[in-house]
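Visitor: Coordinates in entry21.cif, mmCIF, C-alpha atoms, are listed below.
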data_run
loop_
_atom_site.label_atom_id
_atom_site.label_comp_id
_atom_site.auth_asym_id
_atom_site.auth_seq_id
_atom_site.Cartn_x
_atom_site.Cartn_y
_atom_site.Cartn_z
CA MET A 117 93.63 27.55 72.13
CA SER A 118 92.67 30.09 69.56
CA ASP A 119 94.98 30.75 66.64
CA LYS A 120 97.26 33.73 67.34
CA SER A 121 96.81 35.16 63.87
CA ASN A 122 93.05 34.73 64.01
CA ALA A 123 91.44 38.09 63.34
CA SER A 124 87.90 36.76 63.44
CA MET A 125 84.95 38.85 64.52
CA ARG A 126 84.58 36.69 67.62
CA THR A 127 85.07 38.56 70.86
CA PRO A 128 87.80 37.56 73.32
CA LEU A 129 84.99 36.40 75.62
CA GLY A 130 83.50 34.25 72.88
CA GLN A 131 86.87 32.67 72.24
CA VAL A 132 87.40 31.58 75.85
CA ARG A 133 83.81 30.66 76.68
CA HIS A 134 83.36 27.01 77.71
CA PHE A 135 87.03 26.69 78.66
CA GLY A 136 85.95 26.74 82.29
CA SER A 137 85.20 29.32 84.93
CA ALA A 138 87.76 31.21 86.98
CA ARG A 139 85.24 30.86 89.85
CA SER A 140 85.56 34.49 90.82
CA GLY A 141 83.17 36.18 88.41
CA THR A 142 80.97 38.01 90.87
CA LYS A 143 83.25 38.20 93.91
CA HIS A 144 84.40 41.75 93.22
CA ALA A 145 80.92 43.11 92.45
CA TRP A 146 79.42 41.35 95.47
CA ARG A 147 82.07 42.68 97.89
CA MET A 148 81.55 46.17 96.47
CA ARG A 149 77.85 45.92 97.34
CA VAL A 150 78.36 44.43 100.79
CA THR A 151 80.80 47.21 101.73
CA SER A 152 78.43 49.81 100.22
CA ILE A 153 75.57 48.65 102.41
CA ALA A 154 77.83 48.63 105.47
CA LEU A 155 79.11 52.10 104.64
CA LEU A 156 75.64 53.69 104.49
CA PRO A 157 75.08 53.79 108.28
CA LEU A 158 78.83 53.93 109.03
CA THR A 159 79.33 57.06 106.90
CA LEU A 160 76.40 58.81 108.57
CA ALA A 161 77.85 57.82 111.97
CA PHE A 162 81.26 59.15 110.89
CA VAL A 163 79.74 62.48 109.83
CA TRP A 164 77.96 62.67 113.20
CA PHE A 165 81.27 61.93 114.97
CA VAL A 166 83.05 64.70 113.03
CA LEU A 167 80.26 67.15 113.92
CA THR A 168 80.65 66.35 117.62
CA VAL A 169 84.43 66.99 117.60
CA VAL A 170 84.55 70.00 115.25
CA GLY A 171 86.34 72.91 116.95
CA LYS A 172 87.19 70.82 120.06
CA ASP A 173 90.68 70.94 121.59
CA TYR A 174 93.28 68.16 121.60
CA ALA A 175 92.20 66.49 124.84
CA ALA A 176 88.50 66.53 123.93
CA VAL A 177 89.16 65.06 120.45
CA ARG A 178 91.29 62.27 121.94
CA ALA A 179 88.65 61.55 124.57
CA ALA A 180 85.99 61.30 121.86
CA ILE A 181 88.09 58.90 119.73
CA ALA A 182 88.95 56.85 122.84
CA ASN A 183 85.27 56.41 123.72
CA PRO A 184 84.77 52.66 123.04
CA VAL A 185 81.60 53.15 121.00
CA TRP A 186 83.23 55.75 118.76
CA SER A 187 86.44 53.67 118.52
CA ILE A 188 84.46 50.69 117.25
CA VAL A 189 82.37 52.81 114.85
CA LEU A 190 85.53 54.47 113.49
CA LEU A 191 87.34 51.13 113.06
CA LEU A 192 84.36 49.64 111.22
CA PHE A 193 84.04 52.74 109.02
CA LEU A 194 87.75 52.83 108.21
CA GLY A 195 87.97 49.08 107.56
CA ALA A 196 84.93 48.92 105.28
CA GLY A 197 85.85 52.25 103.66
CA VAL A 198 89.44 51.33 102.81
CA TYR A 199 88.41 47.93 101.42
CA HIS A 200 85.63 49.56 99.38
CA MET A 201 87.96 52.22 97.97
CA MET A 202 90.58 49.61 97.07
CA LEU A 203 88.01 47.65 95.06
CA GLY A 204 86.72 50.84 93.43
CA MET A 205 90.17 52.07 92.42
CA GLN A 206 90.92 48.59 91.03
CA THR A 207 87.91 48.97 88.70
CA ILE A 208 89.03 52.44 87.62
CA ILE A 209 92.55 51.15 86.81
CA GLU A 210 91.20 48.12 84.94
CA ASP A 211 88.88 50.36 82.91
CA TYR A 212 91.34 53.06 81.88
CA VAL A 213 94.87 51.61 81.96
CA HIS A 214 95.43 49.22 79.09
CA GLY A 215 99.20 48.70 79.06
CA GLU A 216 99.89 45.35 80.72
CA ILE A 217 102.99 46.51 82.61
CA SER A 218 101.59 49.84 83.78
CA ARG A 219 98.28 48.23 84.76
CA THR A 220 100.02 45.54 86.80
CA TRP A 221 102.13 48.15 88.62
CA LEU A 222 99.14 50.38 89.29
CA LEU A 223 97.05 47.49 90.60
CA MET A 224 99.89 46.65 92.98
CA ALA A 225 100.32 50.29 93.98
CA ASN A 226 96.59 50.45 94.73
CA MET A 227 96.86 47.49 97.10
CA PHE A 228 100.00 48.87 98.76
CA PHE A 229 98.46 52.32 99.22
CA SER A 230 95.28 50.82 100.66
CA ALA A 231 97.26 48.58 103.01
CA VAL A 232 99.43 51.44 104.25
CA ILE A 233 96.61 53.95 104.67
CA GLY A 234 94.32 51.33 106.23
CA LEU A 235 96.93 50.21 108.72
CA ALA A 236 97.85 53.83 109.56
CA LEU A 237 94.21 54.83 110.18
CA VAL A 238 93.43 51.75 112.30
CA TYR A 239 96.70 52.02 114.25
CA ALA A 240 96.05 55.69 115.08
CA VAL A 241 92.55 54.91 116.44
CA LEU A 242 93.81 51.92 118.46
CA ARG A 243 96.74 53.93 119.81
CA ILE A 244 94.40 56.65 121.08
CA GLY A 245 91.89 54.09 122.32
CA PHE A 246 94.43 52.10 124.35
CA ALA A 247 96.42 55.12 125.55
CA MET B 134 94.01 41.09 56.51
CA ALA B 135 95.47 40.19 59.89
CA ASP B 136 98.80 41.63 60.90
CA PRO B 137 100.84 38.65 62.18
CA ASN B 138 102.85 40.94 64.48
CA LEU B 139 99.83 41.74 66.64
CA ASP B 140 98.66 39.38 69.34
CA THR B 141 95.07 38.26 69.67
CA LEU B 142 94.05 41.01 72.08
CA ALA B 143 95.49 43.75 69.91
CA GLN B 144 93.63 42.24 66.93
CA ALA B 145 90.45 42.19 68.94
CA ALA B 146 90.92 45.84 69.81
CA ARG B 147 90.87 46.67 66.09
CA ARG B 148 87.36 45.35 65.65
CA PRO B 149 84.79 48.07 65.04
CA LEU B 150 83.61 49.30 68.42
CA SER B 151 80.38 50.95 69.43
CA PRO B 152 80.38 54.77 69.60
CA HIS B 153 82.03 55.98 72.76
CA LEU B 154 81.64 58.87 75.21
CA GLN B 155 82.91 61.68 73.01
CA VAL B 156 80.12 61.30 70.47
CA TYR B 157 77.27 61.43 72.98
CA ARG B 158 75.53 64.64 74.02
CA PRO B 159 76.16 65.07 77.78
CA MET B 160 73.14 64.03 79.82
CA LEU B 161 72.51 64.30 83.54
CA THR B 162 72.44 60.53 84.10
CA MET B 163 75.85 60.06 82.51
CA MET B 164 77.28 63.13 84.23
CA MET B 165 76.21 61.71 87.61
CA SER B 166 77.72 58.37 86.62
CA ILE B 167 81.16 59.87 85.98
CA THR B 168 80.73 62.11 89.05
CA HIS B 169 80.34 58.93 91.10
CA ARG B 170 83.72 57.75 89.86
CA ILE B 171 85.43 61.12 90.31
CA THR B 172 84.09 61.57 93.85
CA GLY B 173 85.15 58.00 94.65
CA ALA B 174 88.69 58.75 93.47
CA GLY B 175 88.62 62.03 95.42
CA LEU B 176 87.63 60.22 98.61
CA TYR B 177 90.47 57.76 97.96
CA LEU B 178 92.95 60.63 98.08
CA GLY B 179 91.02 62.26 100.94
CA THR B 180 91.96 59.36 103.21
CA ILE B 181 95.47 60.88 103.30
CA LEU B 182 94.00 63.95 105.01
CA LEU B 183 92.01 61.78 107.43
CA ALA B 184 95.14 59.74 108.20
CA TRP B 185 97.12 62.93 108.82
CA TRP B 186 94.47 64.16 111.28
CA LEU B 187 94.19 60.83 113.14
CA ILE B 188 97.96 60.21 113.28
CA ALA B 189 98.45 63.78 114.51
CA ALA B 190 95.87 63.16 117.25
CA ALA B 191 97.72 59.96 118.16
CA SER B 192 101.16 61.63 118.06
CA GLY B 193 100.82 64.61 120.35
CA GLU B 194 99.56 68.12 120.91
CA ALA B 195 102.07 69.86 118.58
CA ALA B 196 101.33 67.59 115.61
CA PHE B 197 97.60 67.97 116.23
CA ALA B 198 97.93 71.76 116.36
CA THR B 199 99.68 71.73 112.95
CA ALA B 200 96.96 69.57 111.35
CA HIS B 201 94.28 71.70 113.01
CA TRP B 202 95.91 74.89 111.77
CA PHE B 203 96.09 73.63 108.16
CA MET B 204 92.45 72.52 108.12
CA GLY B 205 91.45 75.93 109.44
CA THR B 206 93.10 77.84 106.57
CA ILE B 207 91.07 78.86 103.52
CA ILE B 208 92.69 76.13 101.41
CA GLY B 209 92.16 73.58 104.17
CA ARG B 210 88.51 74.52 104.50
CA LEU B 211 88.02 74.36 100.72
CA ILE B 212 89.54 70.87 100.65
CA LEU B 213 87.35 69.77 103.57
CA PHE B 214 84.27 71.24 101.89
CA GLY B 215 85.13 69.31 98.71
CA PHE B 216 85.69 66.17 100.80
CA THR B 217 82.26 66.61 102.43
CA TRP B 218 80.61 67.14 99.05
CA ALA B 219 82.36 64.09 97.57
CA LEU B 220 81.32 61.98 100.57
CA PHE B 221 77.62 62.89 100.38
CA THR B 222 77.42 62.80 96.58
CA HIS B 223 79.14 59.41 96.47
CA LEU B 224 76.84 58.15 99.26
CA LEU B 225 73.71 59.20 97.35
CA GLY B 226 75.21 57.90 94.10
CA GLY B 227 75.69 54.55 95.84
CA ILE B 228 72.01 54.53 96.87
CA ARG B 229 71.09 55.30 93.26
CA HIS B 230 73.19 52.36 92.07
CA MET B 231 71.63 50.05 94.66
CA ILE B 232 68.12 51.02 93.55
CA GLN B 233 69.07 50.45 89.92
CA ASP B 234 70.75 47.13 90.83
CA THR B 235 67.27 45.86 91.66
CA GLY B 236 66.07 46.84 88.19
CA ARG B 237 64.01 49.79 89.44
CA GLY B 238 64.46 53.42 88.47
CA MET B 239 65.72 52.74 84.96
CA GLU B 240 62.76 54.19 83.05
CA HIS B 241 62.59 57.71 81.68
CA PRO B 242 61.26 60.01 84.37
CA GLN B 243 62.51 57.92 87.33
CA ARG B 244 66.13 57.78 86.22
CA GLU B 245 66.15 61.58 85.84
CA TYR B 246 64.67 62.00 89.33
CA LEU B 247 67.39 59.75 90.73
CA ALA B 248 70.14 61.72 88.99
CA HIS B 249 68.68 64.98 90.34
CA MET B 250 68.44 63.42 93.81
CA VAL B 251 72.18 62.64 93.73
CA CYS B 252 73.20 66.01 92.28
CA TRP B 253 71.13 68.35 94.46
CA GLY B 254 70.88 66.05 97.47
CA GLY B 255 74.67 65.85 97.68
CA LEU B 256 74.97 69.64 97.61
CA ALA B 257 72.14 70.14 100.12
CA LEU B 258 73.55 67.62 102.62
CA THR B 259 77.00 69.22 102.30
CA ILE B 260 75.65 72.69 103.06
CA LEU B 261 73.52 71.32 105.94
CA ALA B 262 76.54 69.55 107.45
CA TRP B 263 78.62 72.75 107.27
CA ILE B 264 75.85 74.82 108.83
CA ALA B 265 75.64 72.18 111.59
CA ALA B 266 79.44 72.24 112.01
CA TYR B 267 79.51 76.02 112.41
CA THR B 268 76.57 76.11 114.83
CA MET B 269 77.63 73.09 116.93
CA ARG B 270 81.24 74.07 117.60
#
Would you mind writing the file out in structure tokens?
Guide:
Amino acid sequence: MSDKSNASMRTPLGQVRHFGSARSGTKHAWRMRVTSIALLPLTLAFVWFVLTVVGKDYAAVRAAIANPVWSIVLLLFLGAGVYHMMLGMQTIIEDYVHGEISRTWLLMANMFFSAVIGLALVYAVLRIGFA
Amino acid sequence: MADPNLDTLAQAARRPLSPHLQVYRPMLTMMMSITHRITGAGLYLGTILLAWWLIAAASGEAAFATAHWFMGTIIGRLILFGFTWALFTHLLGGIRHMIQDTGRGMEHPQREYLAHMVCWGGLALTILAWIAAYTMR
């Protein structure tokens, strides 16, 4: 390990290099890109869905969501979207929040928020679909 | 001289760093870069609105009417317009990032074209979608 009082010009990365890989270097970036690609057509489909239900009454909106094709498109969009936004917010927190305690709490809050909102969105679609 | 009360990371943070954002003249490419982040964060919060709408539709006619009423108010429409703009701008920003991930579009005129594409394309698609929404309903 490096000396605690060592104020050398070596970067933290330089000091830990060759100590072994955490084996997760590109996982985050790769998942960001996979969800991005998935979200390209899914977002356009979602916009199209919204345009078809704009101004429609309660029964018509429910019927549209319950349509199996739209249910599946919405579930895919919401799943990929929530996972993508969780990864993105994680990057924002890691970039701007430097306090170890506050960063840890915010990273947890990000996962909890994403889990709650993701479950709520998916449950609502399934509930309408199976009604 | 090293301060023994600071840990290694805090020491590292005291090393001279390269000039940061506040000393650069704002340029379109960097403005669109931060816009990508801001719209992403906006969409993150926007999911609350989407969840409200979907849960209301799943709950019953009264809850749906309340959500529908709010989104029809001026403030509701402004929020939805901002949501639409964030969605399209972030979508185009993502395409820009994917193109640049392949190493293309980094040179001088191309990277400016891409930034313009995100900026004006996002606005244009937003306006088109709202025109479509008002004519289709």
Visitor: Where does the PyMOL selection byres ((chain B and resi 216-230) around 6) land in this file, that is, which residues does it pick, as a list in words?
Guide: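 Output of the PyMOL selection byres ((chain B and resi 216-230) around 6): His169, Thr172, Leu213, Phe214, Gly215, Met231, Ile232, Gln233, Asp234, Val251, Gly255 and Thr259 of chain B.
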Visitor: At a cut-off of 12 Å, using all atoms listed in the file, what residues contact Leu160 of chain A? Leave out same-chain residues fewer than 2 positions from it and give the result as a ChimeraX atom specification.
Guide: /A:153-158,162-167,189-190,193 /B:217,220-221,224-225,258,262
Visitor: Name the closest residue to chain B among the candidates A:Ser187, A:Ser218, A:Thr159, A:Thr142; distances are taken between atoms, counting all atoms listed in the file.
Guide: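 Using all atoms listed in the file, the shortest distance to chain B belongs to A:Thr159.
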Visitor: I'd like the interatomic distance between atom CA of Thr207 of chain A and atom CA of Gly195 of chain A, to a tenth of an Å.
Guide: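 Atom CA of Thr207 of chain A sits 18.9 Å away from atom CA of Gly195 of chain A.
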Visitor: Could you jot down the atom CA of Gln206 of chain A to atom CA of Asn226 of chain A separation for me, Å, one decimal place?
Guide: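 Distance between the two atoms: 7.0 Å.
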Visitor: Can you work out the spacing between atom CA of Val170 of chain A and atom CA of Trp263 of chain B in Å, to one decimal?
Guide: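 The value is 10.3 Å.
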Visitor: So which one's closest to chain B, A:Met125, A:Val150, A:Ala231, A:Ala161? Using all atoms listed in the file, please.
Guide: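 Residue with the minimum atom-to-atom distance to chain B: A:Met125.
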Visitor: Define the interface residues of chain A facing chain B as those within 9 Å, counting only C-alpha atoms, and report them as an mmCIF file with C-alpha atoms, in the coordinates of the input.
Guide:
data_model
loop_
_atom_site.group_PDB
_atom_site.id
_atom_site.type_symbol
_atom_site.label_atom_id
_atom_site.label_comp_id
_atom_site.auth_asym_id
_atom_site.auth_seq_id
_atom_site.Cartn_x
_atom_site.Cartn_y
_atom_site.Cartn_z
ATOM 1 C CA SER A 118 92.670 30.090 69.560
ATOM 2 C CA ASP A 119 94.980 30.750 66.640
ATOM 3 C CA LYS A 120 97.260 33.730 67.340
ATOM 4 C CA SER A 121 96.810 35.160 63.870
ATOM 5 C CA ASN A 122 93.050 34.730 64.010
ATOM 6 C CA ALA A 123 91.440 38.090 63.340
ATOM 7 C CA SER A 124 87.900 36.760 63.440
ATOM 8 C CA MET A 125 84.950 38.850 64.520
ATOM 9 C CA ARG A 126 84.580 36.690 67.620
ATOM 10 C CA THR A 127 85.070 38.560 70.860
ATOM 11 C CA PRO A 128 87.800 37.560 73.320
ATOM 12 C CA ARG A 149 77.850 45.920 97.340
ATOM 13 C CA SER A 152 78.430 49.810 100.220
ATOM 14 C CA ILE A 153 75.570 48.650 102.410
ATOM 15 C CA LEU A 155 79.110 52.100 104.640
ATOM 16 C CA LEU A 156 75.640 53.690 104.490
ATOM 17 C CA THR A 159 79.330 57.060 106.900
ATOM 18 C CA VAL A 163 79.740 62.480 109.830
ATOM 19 C CA VAL A 166 83.050 64.700 113.030
ATOM 20 C CA LEU A 167 80.260 67.150 113.920
ATOM 21 C CA THR A 168 80.650 66.350 117.620
ATOM 22 C CA VAL A 169 84.430 66.990 117.600
ATOM 23 C CA VAL A 170 84.550 70.000 115.250
ATOM 24 C CA GLY A 171 86.340 72.910 116.950
ATOM 25 C CA LYS A 172 87.190 70.820 120.060
ATOM 26 C CA ASP A 173 90.680 70.940 121.590
ATOM 27 C CA TYR A 174 93.280 68.160 121.600
ATOM 28 C CA ALA A 175 92.200 66.490 124.840
ATOM 29 C CA VAL A 177 89.160 65.060 120.450
ATOM 30 C CA ARG A 178 91.290 62.270 121.940
ATOM 31 C CA VAL A 198 89.440 51.330 102.810
ATOM 32 C CA MET A 201 87.960 52.220 97.970
ATOM 33 C CA MET A 202 90.580 49.610 97.070
ATOM 34 C CA GLY A 204 86.720 50.840 93.430
ATOM 35 C CA MET A 205 90.170 52.070 92.420
ATOM 36 C CA ILE A 208 89.030 52.440 87.620
ATOM 37 C CA SER A 230 95.280 50.820 100.660
ATOM 38 C CA ILE A 233 96.610 53.950 104.670
ATOM 39 C CA GLY A 234 94.320 51.330 106.230
ATOM 40 C CA ALA A 236 97.850 53.830 109.560
ATOM 41 C CA LEU A 237 94.210 54.830 110.180
ATOM 42 C CA TYR A 239 96.700 52.020 114.250
ATOM 43 C CA ALA A 240 96.050 55.690 115.080
ATOM 44 C CA VAL A 241 92.550 54.910 116.440
ATOM 45 C CA LEU A 242 93.810 51.920 118.460
ATOM 46 C CA ARG A 243 96.740 53.930 119.810
ATOM 47 C CA ILE A 244 94.400 56.650 121.080
ATOM 48 C CA ALA A 247 96.420 55.120 125.550
#
Visitor: Quick one: 6 Å padding each side, axis-aligned, all listed atoms of segment 230-249 of chain B - centre and edge lengths in Å to one decimal, as lines of an AutoDock Vina configuration file?
Guide:
center_x = 67.2
center_y = 55.4
center_z = 88.2
size_x = 23.9
size_y = 31.1
size_z = 25.0
Visitor: Using all atoms listed in the file, which protein or nucleic acid residues come within 12 Å of Thr162 of chain B? Drop anything in the same chain fewer than 2 positions from it, and give the result as a list in words.
Guide: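 That gives Arg158, Pro159, Met160, Met164, Met165, Ser166, Ile167, Thr168, His169, Gly226, Arg229, His230, Gly238, Met239, Glu240, His241, Pro242, Gln243, Arg244, Glu245, Tyr246, Leu247, Ala248, His249, Met250, Val251 and Cys252 of chain B.
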